[in-house]
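Data file: my_file-v1.cif. Format and content: mmCIF, C-alpha atoms.
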```
data_final
loop_
_atom_site.label_atom_id
_atom_site.label_comp_id
_atom_site.auth_asym_id
_atom_site.auth_seq_id
_atom_site.Cartn_x
_atom_site.Cartn_y
_atom_site.Cartn_z
CA MET W 1 87.18 88.88 133.81
CA THR W 2 90.49 89.76 132.22
CA ARG W 3 93.35 91.06 134.39
CA LYS W 4 93.55 94.05 132.05
CA LEU W 5 89.97 95.07 132.83
CA ARG W 6 90.32 94.49 136.58
CA ALA W 7 93.44 96.68 136.67
CA LEU W 8 91.47 99.69 135.51
CA ALA W 9 89.91 99.99 138.96
CA THR W 10 93.33 100.73 140.43
CA ILE W 11 94.59 103.20 137.82
CA SER W 12 91.61 105.37 136.99
CA THR W 13 88.22 106.56 138.17
CA LEU W 14 85.36 107.15 135.80
CA ALA W 15 84.89 110.91 135.74
CA ALA W 16 82.40 113.30 134.25
CA ALA W 17 83.33 115.30 131.18
CA VAL W 18 85.78 118.04 132.11
CA GLY W 19 84.78 120.54 129.47
CA VAL W 20 87.75 120.21 127.12
CA PRO W 21 87.06 120.35 123.37
CA ALA W 22 86.61 117.11 121.44
CA ILE W 23 89.71 117.85 119.37
CA VAL W 24 92.61 119.31 121.32
CA PRO W 25 95.23 121.08 119.14
CA PHE W 26 98.89 120.17 119.43
CA SER W 27 101.06 121.51 122.22
CA ALA W 28 104.64 121.14 123.41
CA SER W 29 103.86 118.27 125.81
CA ALA W 30 106.52 115.96 124.41
CA HIS W 31 110.19 116.01 125.40
CA VAL W 32 112.31 115.83 122.27
CA ALA W 33 115.76 114.27 122.31
CA ARG W 34 116.67 114.61 118.64
CA VAL W 35 115.12 115.09 115.21
CA THR W 36 115.54 112.79 112.24
CA THR W 37 113.55 112.36 109.07
CA THR W 38 111.22 109.45 108.34
CA SER W 39 111.14 107.86 104.91
CA THR W 40 107.72 106.95 103.55
CA THR W 41 109.21 103.57 102.57
CA THR W 42 110.03 102.71 106.20
CA PRO W 43 107.93 99.71 107.36
CA MET W 44 105.00 100.89 109.49
CA TRP W 45 102.92 99.25 112.26
CA PRO W 46 99.34 100.38 111.48
CA MET W 47 97.38 98.11 113.84
CA PHE W 48 97.79 95.78 116.79
CA HIS W 49 100.76 93.42 116.27
CA ARG W 50 101.47 95.14 112.97
CA ASN W 51 98.95 93.52 110.60
CA ALA W 52 95.68 91.60 110.37
CA MET W 53 97.48 88.27 110.82
CA HIS W 54 99.15 89.49 114.05
CA ARG W 55 102.57 88.16 113.12
CA GLY W 56 104.27 90.80 115.30
CA VAL W 57 107.39 91.03 113.10
CA SER W 58 108.76 94.36 111.89
CA GLY W 59 110.62 94.80 108.62
CA ASP W 60 112.65 97.60 110.21
CA GLN W 61 116.39 96.89 110.12
CA ALA W 62 117.64 99.64 112.46
CA ILE W 63 117.50 97.66 115.72
CA SER W 64 119.36 94.36 116.20
CA THR W 65 121.34 92.28 118.68
CA ALA W 66 124.36 94.41 117.79
CA ASN W 67 122.89 97.66 119.13
CA ALA W 68 119.71 96.98 121.12
CA ALA W 69 121.56 97.21 124.44
CA SER W 70 122.37 100.83 123.65
CA LEU W 71 118.79 101.96 122.95
CA LYS W 72 118.03 105.42 124.31
CA VAL W 73 114.86 107.42 124.86
CA ALA W 74 114.49 109.43 121.64
CA TRP W 75 111.48 111.21 123.16
CA HIS W 76 108.69 110.68 125.65
CA ALA W 77 105.24 112.24 125.73
CA ASP W 78 102.70 112.83 128.49
CA LEU W 79 99.47 110.86 128.05
CA VAL W 80 97.73 112.65 130.96
CA ASN W 81 96.72 109.27 132.38
CA GLY W 82 97.84 105.64 132.26
CA SER W 83 97.58 103.62 129.08
CA MET W 84 97.09 99.93 128.29
CA SER W 85 96.60 100.72 124.62
CA SER W 86 99.23 99.46 122.17
CA PRO W 87 100.46 102.11 119.70
CA ALA W 88 99.84 102.06 115.98
CA VAL W 89 102.21 103.83 113.57
CA ALA W 90 101.25 104.95 110.07
CA ILE W 91 102.21 107.51 107.44
CA ASP W 92 99.99 110.60 107.48
CA ALA W 93 98.81 111.11 103.91
CA LYS W 94 98.52 114.87 104.48
CA THR W 95 102.12 115.51 105.55
CA GLY W 96 104.00 112.34 104.56
CA ARG W 97 105.25 111.98 108.15
CA ALA W 98 104.82 108.97 110.41
CA LEU W 99 102.37 109.46 113.28
CA VAL W 100 101.91 107.37 116.43
CA TYR W 101 98.33 106.77 117.61
CA VAL W 102 97.47 105.64 121.15
CA GLY W 103 94.65 105.75 123.70
CA ASP W 104 94.59 106.38 127.46
CA GLN W 105 92.22 106.23 130.47
CA VAL W 106 89.79 108.51 132.22
CA SER W 107 90.95 110.38 135.34
CA PRO W 108 90.00 113.64 137.11
CA ASN W 109 92.42 115.36 134.70
CA SER W 110 91.51 113.52 131.54
CA ASP W 111 88.34 112.54 129.72
CA GLY W 112 89.97 109.55 128.05
CA MET W 113 91.88 110.45 124.89
CA LEU W 114 92.90 109.13 121.51
CA SER W 115 96.12 110.97 120.66
CA ALA W 116 98.38 111.34 117.62
CA PHE W 117 102.09 112.21 117.96
CA ASP W 118 104.78 112.88 115.37
CA ALA W 119 106.87 109.70 115.36
CA THR W 120 110.12 111.60 114.73
CA THR W 121 109.84 114.44 117.23
CA GLY W 122 107.16 113.37 119.72
CA ARG W 123 105.16 116.55 119.02
CA LEU W 124 101.47 116.21 119.86
CA VAL W 125 99.54 116.64 116.61
CA TRP W 126 95.97 116.21 117.88
CA ARG W 127 93.86 114.72 120.64
CA TYR W 128 90.29 113.45 120.39
CA ARG W 129 88.26 113.32 123.59
CA ALA W 130 86.85 109.78 123.75
CA GLY W 131 84.86 110.43 126.92
CA SER W 132 85.77 107.07 128.52
CA ASN W 133 88.64 104.62 128.92
CA VAL W 134 90.45 103.58 125.74
CA THR W 135 92.08 100.19 126.38
CA SER W 136 91.55 99.14 122.77
CA SER W 137 94.54 99.48 120.43
CA PRO W 138 94.00 101.68 117.35
CA ALA W 139 93.95 100.41 113.78
CA VAL W 140 94.78 102.78 110.91
CA PHE W 141 93.29 102.05 107.50
CA ARG W 142 93.10 104.39 104.48
CA GLY W 143 93.51 107.55 106.50
CA VAL W 144 91.11 106.65 109.31
CA VAL W 145 91.87 105.54 112.89
CA TYR W 146 89.49 102.99 114.42
CA VAL W 147 89.40 102.33 118.17
CA GLY W 148 86.98 101.07 120.83
CA THR W 149 86.05 102.70 124.14
CA PHE W 150 84.57 101.76 127.51
CA GLY W 151 81.76 104.15 126.60
CA HIS W 152 80.45 101.44 124.25
CA LYS W 153 81.71 103.38 121.20
CA LEU W 154 83.63 102.30 118.14
CA LEU W 155 85.20 105.53 116.86
CA ALA W 156 86.36 106.25 113.32
CA VAL W 157 88.57 109.37 113.38
CA ASN W 158 90.39 111.20 110.59
CA ALA W 159 94.03 110.14 110.98
CA SER W 160 95.40 113.55 109.90
CA THR W 161 93.14 115.91 111.83
CA GLY W 162 91.45 113.98 114.66
CA ALA W 163 87.98 114.88 113.37
CA LEU W 164 85.29 112.25 113.95
CA ARG W 165 84.22 110.50 110.74
CA CYS W 166 81.56 108.22 112.23
CA SER W 167 80.86 106.14 115.33
CA PHE W 168 78.89 103.10 116.45
CA THR W 169 77.41 102.36 119.87
CA ALA W 170 77.48 98.73 121.04
CA PRO W 171 75.47 97.30 123.96
CA GLY W 172 78.72 96.57 125.82
CA ARG W 173 82.08 98.17 126.48
CA ILE W 174 84.71 97.67 123.78
CA SER W 175 88.20 96.54 124.84
CA SER W 176 88.76 94.54 121.66
CA SER W 177 91.33 96.00 119.26
CA PRO W 178 89.65 96.26 115.84
CA VAL W 179 90.94 94.63 112.69
CA VAL W 180 90.18 96.33 109.37
CA ALA W 181 90.23 94.66 105.96
CA ASN W 182 88.98 95.26 102.42
CA ILE W 183 86.79 92.19 101.92
CA SER W 184 86.19 91.10 98.34
CA ASN W 185 82.66 91.93 97.08
CA VAL W 186 81.91 93.60 100.42
CA GLY W 187 84.37 96.46 100.87
CA PRO W 188 86.39 97.89 103.75
CA THR W 189 85.11 96.40 107.01
CA VAL W 190 86.06 96.96 110.66
CA MET W 191 85.59 93.95 112.98
CA PHE W 192 85.72 93.74 116.80
CA GLY W 193 84.04 92.30 119.88
CA ASP W 194 82.33 93.93 122.84
CA ASN W 195 82.64 92.97 126.52
CA GLY W 196 79.02 93.35 127.53
CA GLN W 197 76.69 95.74 129.27
CA THR W 198 78.28 95.53 132.72
CA GLY W 199 81.88 96.07 131.63
CA GLY W 200 82.72 92.48 132.49
CA PRO W 201 82.97 89.75 129.90
CA ASP W 202 79.17 89.34 129.57
CA PRO W 203 76.88 89.67 127.66
CA GLY W 204 78.59 90.60 124.39
CA SER W 205 78.67 90.23 120.63
CA PHE W 206 81.07 90.25 117.72
CA TRP W 207 80.53 92.97 115.10
CA ALA W 208 81.38 93.86 111.51
CA LEU W 209 80.79 97.47 110.39
CA ASN W 210 81.05 99.34 107.14
CA ALA W 211 84.40 101.10 107.58
CA SER W 212 83.15 104.25 105.81
CA THR W 213 79.80 104.76 107.54
CA CYS W 214 80.03 102.66 110.77
CA ALA W 215 76.78 100.96 109.73
CA VAL W 216 76.38 97.35 110.88
CA ARG W 217 77.15 94.73 108.24
CA TRP W 218 76.47 91.80 110.59
CA ARG W 219 76.41 90.80 114.26
CA PHE W 220 77.39 87.42 115.72
CA ARG W 221 75.90 86.20 119.02
CA ALA W 222 75.57 82.42 118.54
CA PHE W 223 78.12 81.58 121.25
CA GLY W 224 78.32 78.09 122.73
CA ASP W 225 77.72 74.50 121.71
CA PRO W 226 74.97 74.16 120.62
CA PRO W 227 75.00 77.66 119.06
CA GLY W 228 73.39 80.21 121.32
CA SER W 229 73.63 78.10 124.48
CA THR W 230 75.92 80.61 126.22
CA THR W 231 74.30 83.70 124.71
CA PRO W 232 74.01 86.34 126.19
CA GLN W 233 76.61 85.50 128.87
CA THR W 234 79.56 85.38 126.48
CA GLY W 235 81.49 88.26 124.91
CA SER W 236 84.87 88.89 123.29
CA TYR W 237 87.63 91.30 124.31
CA ASP W 238 90.65 89.95 122.44
CA GLU W 239 92.32 91.22 119.25
CA PRO W 240 90.65 89.54 116.25
CA GLY W 241 92.67 88.46 113.22
CA TYR W 242 91.81 88.28 109.53
CA VAL W 243 93.09 86.11 106.66
CA LEU W 244 92.00 84.33 103.47
CA SER W 245 91.69 80.57 103.86
CA ALA W 246 93.23 78.11 101.40
CA SER W 247 89.90 78.03 99.53
CA GLY W 248 89.68 81.82 99.41
CA VAL W 249 87.13 82.33 102.19
CA PRO W 250 87.80 85.56 104.16
CA LEU W 251 88.00 84.52 107.81
CA VAL W 252 87.85 86.63 110.96
CA LEU W 253 89.22 84.80 114.01
CA PHE W 254 88.77 85.54 117.73
CA GLY W 255 88.39 84.05 121.19
CA SER W 256 85.42 84.20 123.56
CA THR W 257 84.96 84.67 127.30
CA ASP W 258 83.45 82.61 130.09
CA PRO W 259 81.35 80.55 130.10
CA ASP W 260 82.04 79.73 126.44
CA ASP W 261 85.89 79.73 126.34
CA ALA W 262 86.23 78.94 122.64
CA VAL W 263 87.94 80.01 119.42
CA TYR W 264 85.81 81.03 116.42
CA ALA W 265 86.36 81.41 112.69
CA LEU W 266 83.58 83.32 110.93
CA ASP W 267 83.07 84.09 107.27
CA ALA W 268 83.93 87.80 107.31
CA ARG W 269 81.42 88.51 104.53
CA SER W 270 78.38 87.34 106.45
CA GLY W 271 79.30 86.40 110.03
CA ARG W 272 78.45 82.78 109.28
CA PRO W 273 80.36 80.36 111.58
CA VAL W 274 82.96 78.30 109.75
CA TRP W 275 84.31 76.43 112.79
CA ARG W 276 84.48 76.55 116.58
CA PHE W 277 87.19 75.07 118.82
CA GLN W 278 86.53 74.42 122.50
CA THR W 279 89.40 75.19 124.88
CA LYS W 280 89.61 73.87 128.44
CA MET W 281 86.72 75.19 130.50
CA GLY W 282 86.95 76.28 134.11
CA MET W 283 86.81 79.37 136.27
CA ASP W 284 88.17 82.46 134.49
CA THR W 285 89.37 80.56 131.40
CA ASP W 286 88.54 83.16 128.76
CA VAL W 287 90.40 83.10 125.48
CA GLY W 288 91.78 86.57 126.06
CA ALA W 289 94.74 86.53 123.68
CA GLY W 290 94.13 87.21 120.02
CA PRO W 291 95.14 84.81 117.22
CA THR W 292 98.44 84.72 115.34
CA VAL W 293 97.93 83.41 111.82
CA SER W 294 100.30 81.46 109.59
CA ALA W 295 99.10 81.64 105.99
CA PRO W 296 98.17 78.57 103.94
CA GLY W 297 101.23 76.71 102.66
CA VAL W 298 103.70 78.08 105.23
CA ASN W 299 105.86 75.62 107.23
CA GLY W 300 104.35 72.67 105.37
CA PHE W 301 100.74 73.29 106.49
CA ALA W 302 98.57 73.44 103.37
CA ASP W 303 95.58 74.96 105.19
CA GLY W 304 97.56 77.37 107.35
CA VAL W 305 97.57 77.56 111.15
CA VAL W 306 95.94 79.66 113.88
CA TYR W 307 98.03 79.99 117.07
CA ILE W 308 96.15 81.20 120.14
CA THR W 309 96.58 81.14 123.92
CA GLY W 310 93.84 80.82 126.53
CA LYS W 311 93.74 81.76 130.19
CA ASP W 312 93.61 77.97 130.69
CA ARG W 313 97.41 78.40 130.16
CA MET W 314 97.38 76.37 126.98
CA VAL W 315 98.87 77.37 123.63
CA TYR W 316 96.89 75.91 120.73
CA ALA W 317 97.85 75.37 117.09
CA LEU W 318 94.68 74.91 115.02
CA ASP W 319 94.11 74.12 111.36
CA LEU W 320 93.03 77.39 109.75
CA SER W 321 90.39 75.79 107.50
CA THR W 322 88.86 73.29 109.93
CA GLY W 323 89.76 74.35 113.48
CA GLN W 324 91.12 70.89 114.21
CA PRO W 325 94.00 70.84 116.72
CA ILE W 326 97.50 70.28 115.33
CA TRP W 327 99.31 70.50 118.68
CA GLN W 328 98.93 72.11 122.07
CA PHE W 329 101.43 73.20 124.70
CA ASP W 330 100.61 73.18 128.41
CA ILE W 331 102.26 76.16 130.16
CA LYS W 332 100.99 75.03 133.56
CA ALA W 333 102.48 71.53 133.19
CA ASP W 334 105.82 72.98 132.10
CA ASN W 335 105.77 75.52 134.96
CA PRO W 336 103.61 74.10 137.80
CA ALA W 337 104.27 77.10 140.07
CA ASN W 338 102.94 79.54 137.46
CA THR W 339 99.97 81.53 138.77
CA GLY W 340 100.00 84.33 136.21
CA GLU W 341 97.60 84.78 133.33
CA SER W 342 98.35 83.93 129.72
CA GLN W 343 97.03 86.68 127.44
CA SER W 344 100.10 87.50 125.35
CA VAL W 345 99.57 87.27 121.58
CA ALA W 346 102.39 85.28 119.96
CA SER W 347 104.79 86.60 117.35
CA LEU W 348 105.67 84.30 114.46
CA TYR W 349 108.98 84.37 112.59
CA ARG W 350 109.43 81.38 110.27
CA ARG W 351 109.24 78.38 112.65
CA GLN W 352 109.61 80.36 115.87
CA LEU W 353 106.51 81.23 117.89
CA VAL W 354 107.35 83.68 120.71
CA LEU W 355 104.92 84.65 123.47
CA GLY W 356 104.80 85.94 127.02
CA TRP W 357 103.32 84.07 129.97
CA GLY W 358 102.83 84.41 133.73
CA GLY W 359 106.55 84.38 134.48
CA GLY W 360 108.57 84.91 131.34
CA VAL W 361 108.83 84.25 127.61
CA TYR W 362 108.55 81.08 125.51
CA ASP W 363 109.94 80.39 122.06
CA LEU W 364 108.07 77.36 120.70
CA ASN W 365 108.60 75.41 117.50
CA ALA W 366 105.65 76.52 115.37
CA VAL W 367 105.49 73.12 113.63
CA THR W 368 105.69 70.80 116.65
CA GLY W 369 105.04 72.91 119.76
CA ALA W 370 108.37 71.88 121.31
CA VAL W 371 110.21 74.43 123.46
CA ILE W 372 113.14 76.05 121.62
CA TRP W 373 114.03 78.31 124.55
CA LYS W 374 112.31 79.91 127.50
CA VAL W 375 112.97 82.63 130.06
CA SER W 376 111.58 82.13 133.57
CA GLY W 377 111.54 84.16 136.76
CA LEU W 378 110.19 87.40 135.29
CA PRO W 379 107.14 89.36 136.45
CA GLU W 380 103.87 88.55 134.72
CA ILE W 381 103.86 89.38 131.00
CA LEU W 382 100.57 90.35 129.34
CA SER W 383 102.29 92.46 126.68
CA SER W 384 102.62 90.81 123.27
CA PRO W 385 106.22 90.62 121.98
CA ALA W 386 107.54 92.33 118.87
CA ILE W 387 110.35 90.89 116.74
CA VAL W 388 112.68 93.25 114.87
CA GLY W 389 116.06 93.21 113.16
CA PRO W 390 117.94 91.81 110.18
CA SER W 391 117.99 88.05 109.66
CA GLY W 392 120.14 86.30 112.25
CA GLN W 393 120.26 89.42 114.46
CA GLN W 394 116.60 89.80 115.47
CA VAL W 395 115.55 90.75 118.97
CA VAL W 396 112.36 90.10 120.91
CA VAL W 397 110.93 93.16 122.72
CA VAL W 398 108.28 92.78 125.45
CA GLY W 399 107.10 94.55 128.62
CA ASP W 400 106.11 93.21 132.05
CA THR W 401 103.40 94.21 134.52
CA THR W 402 105.91 95.59 137.04
CA ASP W 403 107.85 98.29 135.18
CA SER W 404 110.40 96.81 132.78
CA LEU W 405 110.96 96.45 129.05
CA HIS W 406 112.93 93.29 128.19
CA ILE W 407 114.92 92.59 125.05
CA PHE W 408 116.10 89.06 124.18
CA ALA W 409 117.93 87.64 121.19
CA LEU W 410 115.54 85.66 118.99
CA LYS W 411 118.35 83.22 118.33
CA GLY W 412 119.05 81.44 121.63
CA GLY W 413 116.97 83.67 123.90
CA HIS W 414 119.83 85.32 125.79
CA ARG W 415 119.04 88.60 127.49
CA VAL W 416 120.20 91.72 125.63
CA SER W 417 118.83 94.28 128.08
CA THR W 418 116.22 94.98 130.76
CA ARG W 419 115.27 98.52 131.70
CA SER W 420 112.77 100.02 134.13
CA PHE W 421 110.35 102.70 132.92
CA GLY W 422 108.56 103.46 136.17
CA GLY W 423 105.22 101.87 135.40
CA ALA W 424 103.51 98.64 134.41
CA ILE W 425 103.72 97.86 130.69
CA TYR W 426 100.53 96.21 129.42
CA SER W 427 101.10 97.84 126.06
CA SER W 428 102.49 95.70 123.25
CA PRO W 429 105.48 97.40 121.57
CA ALA W 430 105.17 98.78 118.04
CA VAL W 431 108.33 98.97 115.94
CA ALA W 432 108.54 101.42 113.03
CA ALA W 433 110.59 104.33 111.72
CA GLY W 434 113.67 103.01 113.52
CA LYS W 435 112.01 103.23 116.94
CA ILE W 436 110.24 101.11 119.55
CA PHE W 437 107.00 102.67 120.85
CA PHE W 438 105.12 101.59 124.00
CA THR W 439 103.09 103.05 126.85
CA THR W 440 103.07 102.71 130.63
CA VAL W 441 100.24 102.64 133.13
CA ASP W 442 101.63 104.29 136.28
CA SER W 443 103.91 106.89 134.70
CA HIS W 444 101.31 107.92 132.08
CA THR W 445 103.86 108.03 129.28
CA LEU W 446 104.35 107.13 125.63
CA TYR W 447 108.01 106.24 125.00
CA ALA W 448 109.99 106.15 121.76
CA LEU W 449 113.34 104.33 121.91
CA SER W 450 116.03 104.42 119.24
CA VAL W 451 119.71 103.58 118.86
#
```

For this file, produce the structure as structure tokens.
Amino acid sequence: MTRKLRALATISTLAAAVGVPAIVPFSASAHVARVTTTSTTTPMWPMFHRNAMHRGVSGDQAISTANAASLKVAWHADLVNGSMSSPAVAIDAKTGRALVYVGDQVSPNSDGMLSAFDATTGRLVWRYRAGSNVTSSPAVFRGVVYVGTFGHKLLAVNASTGALRCSFTAPGRISSSPVVANISNVGPTVMFGDNGQTGGPDPGSFWALNASTCAVRWRFRAFGDPPGSTTPQTGSYDEPGYVLSASGVPLVLFGSTDPDDAVYALDARSGRPVWRFQTKMGMDTDVGAGPTVSAPGVNGFADGVVYITGKDRMVYALDLSTGQPIWQFDIKADNPANTGESQSVASLYRRQLVLGWGGGVYDLNAVTGAVIWKVSGLPEILSSPAIVGPSGQQVVVVGDTTDSLHIFALKGGHRVSTRSFGGAIYSSPAVAAGKIFFTTVDSHTLYALSV
């Protein structure tokens, strides 16, 4: 079972409904440092790792190596309970303002919430009572927020008001962060995995729903080799990716849990398997990190590349069309003393592939897998890094499971700053509207940093 799921036992207790309304109106729960305006042309971060390909690179130019060391807390907001959810940031069509969407856990004081905050001021706009833990990261698509819950629900909520549009109940808990895409000849579709009936990584499925009605388009359960040999023991809790292949096939990509431990590419129109790649199998060797996708033709690869990391502590580069391995990097061999888990989704900027691991950060050559630079001696990093800044001045932003947010220069890897925020950071930073957004577990807080 993933470290993220195990940690829930120490930060929250499943509680009965506490009688609060499903939609909680805004209140002055956020501490505001200053007010600025947000342009509707500012690059947003509407889903996990910014987009369906999980590149993790922001087009925002406000933060760079020149000023990142001077970042300050623009505002911070109370989440009532700890959060492992990674924020999404999108423009609210009703007001034209950027909103930040994030989930938190159940506690005696909270029923598990999906919340929306004003990205400029930190003002709470609305809260939707999810009724169970929300470890899934929201995805915003055409005015709707999609997120999974431990109550087996996939929720589709109006992004402006917090009103429920539709929902779907899966057999298992949903930790997977949904990806949403408008698939040709099919229409808008939300795709995600479920953990399984027990809350562990078994038995589960992978789903595609009509994004408007939450009706099932297809369900995939043919895990294993031969297909179905590890069904129903296998599930999926990672962050699926989506892309068109070189031949125009819409692909949804994701990793599976024990005892399957594999990477899948399915035709997103039908759920038909296109390819399967077997990672190293062992005890607790789930593929818990989602894919990072390099499009066909980039970096000299005609088919494109899928980069993905398993809890076997291997980083894999796979041909997007065939699933054949291009290269692999062995974290354990490079760091024999490493005992931490590898569930950080990589960020890709040109030929630099940046990811966290059990004791630091790697920057790998995306073409060859060779180490460009690495940082060792840090606490375990499960957070997925974000890259932001103008060309030549980008920084890498990532949190650790102790209490710190780290910023490194993309060029050379030197440390720009490290700062404690009083709680473990499982959340992957979102960068938009000139700010860095992330959540903490122990201090129950959503932070917004700006220069």

I'd like the neighbourhood of segment 83-94 of chain W as a ChimeraX atom specification, where a residue qualifies if any of its atoms comes within 7 Å (using all atoms listed in the file), though same-chain residues fewer than 4 positions away should be ignored. /W:40,44-48,98-105,134-140,143,159-160,426-430,432,437-441,444

List the residues matched by the PyMOL selection byres ((chain W and resi 349) around 8) in the displayed structure as a list of chain:residue names, ordered by chain and then by residue number.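 On this input, the PyMOL selection byres ((chain W and resi 349) around 8) captures W:Arg55, W:Val57, W:Ser347, W:Leu348, W:Arg350, W:Arg351, W:Gln352, W:Leu353, W:Ile387.
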
Quick one: apply the PyMOL selection byres ((chain W and resi 232) around 10) to the file and drop the selected residues here as number ranges by chain. W: 196, 202-205, 221-224, 228-231, 233-235

W:Val398, W:Val274, W:Val243, W:Met283: which is nearest Pro296 of chain W, counting all atoms listed in the file?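 The closest residue to Pro296 of chain W is W:Val243.
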
Given the PyMOL selection byres ((chain W and resi 410) around 9) and the file above, list the residues it selects as a PyMOL selection string. chain W and resi 65+352+354+363+387+392-396+408-409+411-414

Deliver the residues from the most recent selection as a file, using C-alpha atoms, as an mmCIF file, in the frame of the given file.
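In the end it all went to selection_11.cif:
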```cif
data_model
loop_
_atom_site.group_PDB
_atom_site.id
_atom_site.type_symbol
_atom_site.label_atom_id
_atom_site.label_comp_id
_atom_site.auth_asym_id
_atom_site.auth_seq_id
_atom_site.Cartn_x
_atom_site.Cartn_y
_atom_site.Cartn_z
ATOM 1 C CA THR W 65 121.340 92.280 118.680
ATOM 2 C CA GLN W 352 109.610 80.360 115.870
ATOM 3 C CA VAL W 354 107.350 83.680 120.710
ATOM 4 C CA ASP W 363 109.940 80.390 122.060
ATOM 5 C CA ILE W 387 110.350 90.890 116.740
ATOM 6 C CA GLY W 392 120.140 86.300 112.250
ATOM 7 C CA GLN W 393 120.260 89.420 114.460
ATOM 8 C CA GLN W 394 116.600 89.800 115.470
ATOM 9 C CA VAL W 395 115.550 90.750 118.970
ATOM 10 C CA VAL W 396 112.360 90.100 120.910
ATOM 11 C CA PHE W 408 116.100 89.060 124.180
ATOM 12 C CA ALA W 409 117.930 87.640 121.190
ATOM 13 C CA LYS W 411 118.350 83.220 118.330
ATOM 14 C CA GLY W 412 119.050 81.440 121.630
ATOM 15 C CA GLY W 413 116.970 83.670 123.900
ATOM 16 C CA HIS W 414 119.830 85.320 125.790
#
```

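Residue nearest Gly187 of chain W, chosen from W:Pro336, W:Pro325, W:Pro291, W:Pro250 and counting all atoms listed in the file: W:Pro250.
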
Find the residues near Lys332 of chain W: any atom within 8 Å, counting only C-alpha atoms, skip ones fewer than 6 places away on the same chain, and give them as a list in words.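 Returned residues: Arg313, Met314 and Asn338 of chain W.
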
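Nearest to Arg97 of chain W of all the residues W:Val388, W:Ala295, W:Ala433, W:Trp218 is W:Ala433, based on all atoms listed in the file.
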
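From atom CA of Pro43 of chain W back to atom CA of Ser58 of chain W, the distance works out to 7.1 Å.
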
Find the residue from W:Leu449, W:Leu155, W:Val416, W:Gly82 that sits nearest to Gly112 of chain W; use all atoms listed in the file when measuring.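 Checking each of W:Leu449, W:Leu155, W:Val416, W:Gly82 against Gly112 of chain W, counting all atoms listed in the file, the winner is W:Gly82.
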
Starting from the incomplete input, reconstruct N, CA and C atoms of segment 211-224 of chain W and report them as an mmCIF file, in the coordinates of the input.
```
data_model
loop_
_atom_site.group_PDB
_atom_site.id
_atom_site.type_symbol
_atom_site.label_atom_id
_atom_site.label_comp_id
_atom_site.auth_asym_id
_atom_site.auth_seq_id
_atom_site.Cartn_x
_atom_site.Cartn_y
_atom_site.Cartn_z
ATOM 1 N N ALA W 211 83.309 100.260 107.096
ATOM 2 C CA ALA W 211 84.400 101.100 107.580
ATOM 3 C C ALA W 211 84.202 102.569 107.216
ATOM 4 N N SER W 212 83.375 102.869 106.230
ATOM 5 C CA SER W 212 83.150 104.250 105.810
ATOM 6 C C SER W 212 82.036 104.934 106.581
ATOM 7 N N THR W 213 81.000 104.166 106.945
ATOM 8 C CA THR W 213 79.800 104.760 107.540
ATOM 9 C C THR W 213 79.549 104.316 108.981
ATOM 10 N N CYS W 214 80.252 103.280 109.451
ATOM 11 C CA CYS W 214 80.030 102.660 110.770
ATOM 12 C C CYS W 214 78.682 101.967 110.867
ATOM 13 N N ALA W 215 78.029 101.722 109.729
ATOM 14 C CA ALA W 215 76.780 100.960 109.730
ATOM 15 C C ALA W 215 77.078 99.479 109.926
ATOM 16 N N VAL W 216 76.178 98.770 110.587
ATOM 17 C CA VAL W 216 76.380 97.350 110.880
ATOM 18 C C VAL W 216 76.238 96.518 109.601
ATOM 19 N N ARG W 217 77.255 95.714 109.320
ATOM 20 C CA ARG W 217 77.150 94.730 108.240
ATOM 21 C C ARG W 217 76.539 93.438 108.788
ATOM 22 N N TRP W 218 77.042 92.970 109.931
ATOM 23 C CA TRP W 218 76.470 91.800 110.590
ATOM 24 C C TRP W 218 76.874 91.772 112.058
ATOM 25 N N ARG W 219 76.151 90.977 112.835
ATOM 26 C CA ARG W 219 76.410 90.800 114.260
ATOM 27 C C ARG W 219 76.366 89.314 114.580
ATOM 28 N N PHE W 220 77.348 88.826 115.322
ATOM 29 C CA PHE W 220 77.390 87.420 115.720
ATOM 30 C C PHE W 220 77.139 87.305 117.223
ATOM 31 N N ARG W 221 76.194 86.433 117.609
ATOM 32 C CA ARG W 221 75.900 86.200 119.020
ATOM 33 C C ARG W 221 75.683 84.725 119.331
ATOM 34 N N ALA W 222 75.890 83.841 118.362
ATOM 35 C CA ALA W 222 75.570 82.420 118.540
ATOM 36 C C ALA W 222 76.701 81.690 119.265
ATOM 37 N N PHE W 223 77.047 82.186 120.477
ATOM 38 C CA PHE W 223 78.120 81.580 121.250
ATOM 39 C C PHE W 223 77.648 80.269 121.888
ATOM 40 N N GLY W 224 78.595 79.339 122.022
ATOM 41 C CA GLY W 224 78.320 78.090 122.730
ATOM 42 C C GLY W 224 78.116 76.914 121.813
#
```
